[in-house]
Amino acid sequence: MLEAVNISMDSLNLVTLAPMLTVIVGALSILIIDLLKSNQHKSLYVMISVLFLLLDLGSLINFVDFFGTNGTMLGFFDVMLVDGLAILSQLIIVGASILFIPLSLTSKRFHEYNYPEYYALFLFMIAGFQFMVATDNLILIFVGLETASLALYALIAMHNRAKSFEAAVKYFTMGALAAGFFSFGSMIFYALTGSVEINQIASVLAADGYSNIGYVLVAVIFLLASIGFKLSLVPFHSWTPDVYEGSSAALAGYMSIVPKIAAFIVAMRMFEFLIHSGVVWLEVILYGAVILTMTAANIWALVQKDVKRMLAYSSISHAGFAMAAIMIGTTQANSALFMYWILFVFTNLGAFSMLWVNRQKTLLPGQSSDHPYEKFSGMIKTMPVAAVMMALFMLSLAGVPPFGIFWGKLYLIGSAVSAGYTVLALIMALNSAIAGYYYLKLIVYMFMKEPAQETESGFYMMNASLSLKSIIGFTAFATIFSVVLVNPLMEFITAMVYNSGY
Amino acid sequence: MEHMNVANPYFGVFVLFLLTFGAFYATTLIARLASRAMAAKNTEKLKMTVYECGPEVTKQPNRISPQFYLFALLFLLFDVEIVFMFPWAIDFKLLGWFGLVEMMLFILLLAIGFVYAWKKGALEWHNIK
């Protein structure tokens, strides 16, 4: 007779699960409320979501204190791993979600926001992303990735237009392929090293001296393809513009931020030890992918006729910028990635919310997309405040000095130069200059052209309600005053990243 | 001596083979360019529908009810969940309190899902709210 398993609750360290459990309980309570009393107004569900996300944020802030004194926490049979990277990225994920969810309180009625399932799926998705970043177990990463992705496909399809269904099916088929690649890669690593924990894999491979280099290469190619799909690096980017075009503008903005930071963390944990292993091939592959992503996406963005597709390509290019930090791999570069992405959250969410505010229910006559450049011509004459806001976000995305993303680019290029990647820094600077063209093109349309069609007053703010305006105002505020935010934030990020050993 | 190689009986066939490749490529290229240049790019209603040799598309009379898929999905879900309970039941004494609490939480989550599916009318025929 075997001994009964005796597990003490202290060894489980259940507090590491607290952030995810909070949002899962939130999602379940939304479903139960709907069962008990259906047809509630959507503002109730928005409030419940925001409440549980704030609780989540509170537990993360508690982790920050704990990490400062005790260091990395392990929990639940050492599957959960709460280090600086996990805390920082979860702060970004939850913060961006709190900014995103009030965008559903539009003044026009949209189909998907009247379903309580929308909010429940949204919270489940956040729990999935949080599981993905707070572990170094490849199986839990996979489960988190799939939880989050399946919820996201449903959220896209709930927008209920032909293009949304197309986008959801495209994303689903490509995502299923990427998930398959992820499991193939994990399988090969498991076969090689007998472990699914990334730090175990690293130590076994290092002790082995990378003797099975061929198998490692195959595994890395699989993982790079799946993570590259999530990050929309260039050979795997083709879904991005179509999916962004099909989903609602608010959700597209969200998709350009949150799934990518989760994938960045996985890439950082997975590729950092491989880059520093002394075997150069991964660095070469990533170098190529980064440069291709930055440059090609920029050139495609130049020829787009729709502002939303332009922003989709620009977000691919920004992802290439941030991926460069992972390739450089110093503490300074990894901190710069977080800095860049925090500033990108505010600016990009603001830009997509500006599109969301002026989204009409049906297409304009003679146009095949929601947000062509012509729609914005002469916006300064009809809606001056909105035009100035949009211009602000565009200038920030282009990296014009006082605004948000400039500081992210500054730190990133600085870290590239100090790590000796002078050519890469030069290419990044050149790409910022190319990117200026298509952001300024929108500003030229808004400020210098005559209004093309008879736009009645309020045309550009037709969806605006108080909550949308406050979100845009907040993101604009953060974009303008990032200059005072940057230094203390950078100190905080560097301490977190350095103490978790990246 | 040089043209001995050329005098191979299959040389002519090889040249024709190459020419065929060239001709094939040129033909498809011309066809593609010409059709792209001359195609009518309007999107009238009949053109965008499913191709059925001219007449309007008719609905298929014997459609399969989506309810079947819903039943199959729900069955699969709860079936697989039951599979998890057998090993737990066999090792119940070994796993002790920890296993019991885990399984109770698992069943609670399942019960919420089950009540949700029931209340939404997924288990009734043709009555999805």
# chains A, B, ... in the order shown; residues from 1 in each chain; ligands from 1
call {"tool": "interface_residues", "arguments": {"of": "chain B", "to": "chain A", "cutoff": "9 Å", "atoms": "only C-alpha atoms", "output": "list in words"}}
result
Lys93, Leu94, Leu95, Gly96, Trp97, Phe98, Gly99, Leu109, Ile112, Val115, Tyr116, Lys119 and Lys120 of chain B
call {"tool": "residues_around", "arguments": {"residues": "segment 76-87 of chain B", "least_positions_apart": "2", "cutoff": "9 Å", "atoms": "only C-alpha atoms", "output": "ChimeraX atom specification"}}
result
/B:71-74,89-92,103,107,110,114
call {"tool": "residues_around", "arguments": {"residues": "Leu233 of chain A", "least_positions_apart": "4", "cutoff": "10 Å", "atoms": "only C-alpha atoms", "output": "PyMOL selection string"}}
result
chain A and resi 224-225+227-229+237-238+240+286+289-294+297+316-317+319-320+323
call {"tool": "atom_distance", "arguments": {"atom1": "atom CA of Ala168 of chain A", "atom2": "atom CA of Phe236 of chain A"}}
result
16.6 Å
call {"tool": "closest_residue", "arguments": {"among": "A:Val50, A:Ala336, A:Ile87, A:Ile472", "to": "Asn499 of chain A", "atoms": "only C-alpha atoms"}}
result
A:Ile87
call {"tool": "atom_distance", "arguments": {"atom1": "atom CA of Asn137 of chain A", "atom2": "atom CA of Ser277 of chain A"}}
result
20.0 Å
call {"tool": "select_by_dssp", "arguments": {"residues": "chain B", "states": "helix (DSSP H, G or I)", "output": "MDAnalysis selection string"}}
result
chainID B and resid 2:6 11:38 45:48 67:90 92:119
call {"tool": "residues_around", "arguments": {"residues": "segment 340-350 of chain A", "least_positions_apart": "2", "cutoff": "6 Å", "atoms": "only C-alpha atoms", "output": "list in words"}}
result
Gly253, Ala336, Leu337, Phe338, Phe352, Ser353, Phe393, Gly404, Ile405, Gly408, Ile472 and Thr475 of chain A
call {"tool": "residues_around", "arguments": {"residues": "Tyr45 of chain A", "least_positions_apart": "5", "cutoff": "7 Å", "atoms": "only C-alpha atoms", "output": "list in words"}}
result
Ile30, Pro116 and Tyr119 of chain A
call {"tool": "atom_distance", "arguments": {"atom1": "atom CA of Pro488 of chain A", "atom2": "atom CA of Ala476 of chain A"}}
result
19.6 Å
call {"tool": "residues_around", "arguments": {"residues": "segment 258-267 of chain A", "least_positions_apart": "6", "cutoff": "6 Å", "atoms": "only C-alpha atoms", "output": "list in words"}}
result
Ile93, Val133 and Leu231 of chain A
call {"tool": "residues_around", "arguments": {"residues": "Gly288 of chain A", "least_positions_apart": "6", "cutoff": "12 Å", "atoms": "only C-alpha atoms", "output": "PyMOL selection string"}}
result
chain A and resi 233-235+281-282+294-296+320+323-324+327+424+427
call {"tool": "decode", "arguments": {"residues": "segment 51-88 of chain B", "atoms": "N, CA and C atoms", "output": "compact mmCIF listing (two decimals), in the first residue's frame"}}
result
# COMPACT_ATOMS: atom_id res chain seq x y z
N TYR B 51 -21.65 30.60 -57.67
CA TYR B 51 -21.85 30.34 -59.08
C TYR B 51 -22.78 29.15 -59.28
N GLU B 52 -23.92 29.39 -59.91
CA GLU B 52 -24.82 28.28 -60.20
C GLU B 52 -25.33 28.38 -61.63
N CYS B 53 -24.43 28.60 -62.60
CA CYS B 53 -24.75 28.61 -64.03
C CYS B 53 -25.87 29.59 -64.38
N GLY B 54 -25.88 30.74 -63.77
CA GLY B 54 -26.87 31.73 -64.18
C GLY B 54 -28.04 31.90 -63.24
N PRO B 55 -28.80 30.82 -62.95
CA PRO B 55 -29.99 31.04 -62.11
C PRO B 55 -29.59 31.43 -60.69
N GLU B 56 -30.55 31.98 -59.99
CA GLU B 56 -30.25 32.43 -58.62
C GLU B 56 -30.07 31.24 -57.70
N VAL B 57 -29.31 31.47 -56.69
CA VAL B 57 -28.96 30.40 -55.78
C VAL B 57 -30.19 29.99 -54.99
N THR B 58 -30.41 28.69 -54.94
CA THR B 58 -31.54 28.21 -54.14
C THR B 58 -31.03 27.65 -52.83
N LYS B 59 -31.86 27.73 -51.84
CA LYS B 59 -31.46 27.17 -50.55
C LYS B 59 -31.63 25.67 -50.58
N GLN B 60 -30.71 25.00 -49.93
CA GLN B 60 -30.78 23.56 -49.86
C GLN B 60 -31.95 23.17 -48.96
N PRO B 61 -32.81 22.24 -49.40
CA PRO B 61 -33.99 21.94 -48.59
C PRO B 61 -33.66 21.16 -47.32
N ASN B 62 -32.70 20.24 -47.40
CA ASN B 62 -32.47 19.39 -46.23
C ASN B 62 -31.25 19.85 -45.46
N ARG B 63 -31.38 20.98 -44.78
CA ARG B 63 -30.24 21.47 -44.02
C ARG B 63 -30.11 20.68 -42.72
N ILE B 64 -28.86 20.53 -42.29
CA ILE B 64 -28.62 19.84 -41.02
C ILE B 64 -28.72 20.88 -39.91
N SER B 65 -29.49 20.54 -38.91
CA SER B 65 -29.69 21.49 -37.83
C SER B 65 -28.39 21.68 -37.06
N PRO B 66 -28.01 22.94 -36.77
CA PRO B 66 -26.79 23.18 -36.00
C PRO B 66 -26.87 22.60 -34.59
N GLN B 67 -28.09 22.25 -34.19
CA GLN B 67 -28.26 21.66 -32.85
C GLN B 67 -27.43 20.38 -32.68
N PHE B 68 -27.29 19.62 -33.80
CA PHE B 68 -26.51 18.40 -33.73
C PHE B 68 -25.08 18.68 -33.28
N TYR B 69 -24.49 19.76 -33.87
CA TYR B 69 -23.11 20.09 -33.54
C TYR B 69 -23.00 20.48 -32.07
N LEU B 70 -24.01 21.24 -31.61
CA LEU B 70 -24.00 21.70 -30.23
C LEU B 70 -24.05 20.51 -29.28
N PHE B 71 -24.94 19.54 -29.61
CA PHE B 71 -25.03 18.33 -28.79
C PHE B 71 -23.70 17.59 -28.78
N ALA B 72 -23.12 17.47 -29.98
CA ALA B 72 -21.86 16.72 -30.07
C ALA B 72 -20.78 17.39 -29.22
N LEU B 73 -20.71 18.72 -29.31
CA LEU B 73 -19.69 19.45 -28.56
C LEU B 73 -19.89 19.26 -27.06
N LEU B 74 -21.14 19.42 -26.61
CA LEU B 74 -21.40 19.30 -25.18
C LEU B 74 -21.11 17.89 -24.69
N PHE B 75 -21.50 16.91 -25.52
CA PHE B 75 -21.26 15.52 -25.14
C PHE B 75 -19.76 15.28 -24.98
N LEU B 76 -19.00 15.75 -25.98
CA LEU B 76 -17.55 15.56 -25.96
C LEU B 76 -16.95 16.17 -24.71
N LEU B 77 -17.39 17.38 -24.41
CA LEU B 77 -16.86 18.12 -23.27
C LEU B 77 -17.07 17.34 -21.98
N PHE B 78 -18.33 16.98 -21.70
CA PHE B 78 -18.62 16.36 -20.41
C PHE B 78 -18.10 14.92 -20.38
N ASP B 79 -18.03 14.28 -21.53
CA ASP B 79 -17.48 12.94 -21.61
C ASP B 79 -16.03 12.93 -21.18
N VAL B 80 -15.26 13.89 -21.73
CA VAL B 80 -13.84 13.95 -21.41
C VAL B 80 -13.65 14.29 -19.94
N GLU B 81 -14.53 15.13 -19.40
CA GLU B 81 -14.40 15.50 -17.99
C GLU B 81 -14.60 14.26 -17.11
N ILE B 82 -15.54 13.39 -17.50
CA ILE B 82 -15.77 12.18 -16.72
C ILE B 82 -14.52 11.30 -16.72
N VAL B 83 -13.82 11.29 -17.87
CA VAL B 83 -12.61 10.48 -17.97
C VAL B 83 -11.60 10.86 -16.89
N PHE B 84 -11.54 12.17 -16.56
CA PHE B 84 -10.61 12.60 -15.52
C PHE B 84 -10.99 12.04 -14.15
N MET B 85 -12.26 11.72 -13.96
CA MET B 85 -12.69 11.31 -12.62
C MET B 85 -12.33 9.86 -12.31
N PHE B 86 -12.19 9.00 -13.32
CA PHE B 86 -11.89 7.59 -13.04
C PHE B 86 -10.54 7.41 -12.35
N PRO B 87 -9.45 7.95 -12.89
CA PRO B 87 -8.18 7.78 -12.17
C PRO B 87 -8.21 8.37 -10.77
N TRP B 88 -8.93 9.47 -10.62
CA TRP B 88 -9.05 10.09 -9.29
C TRP B 88 -9.76 9.14 -8.34
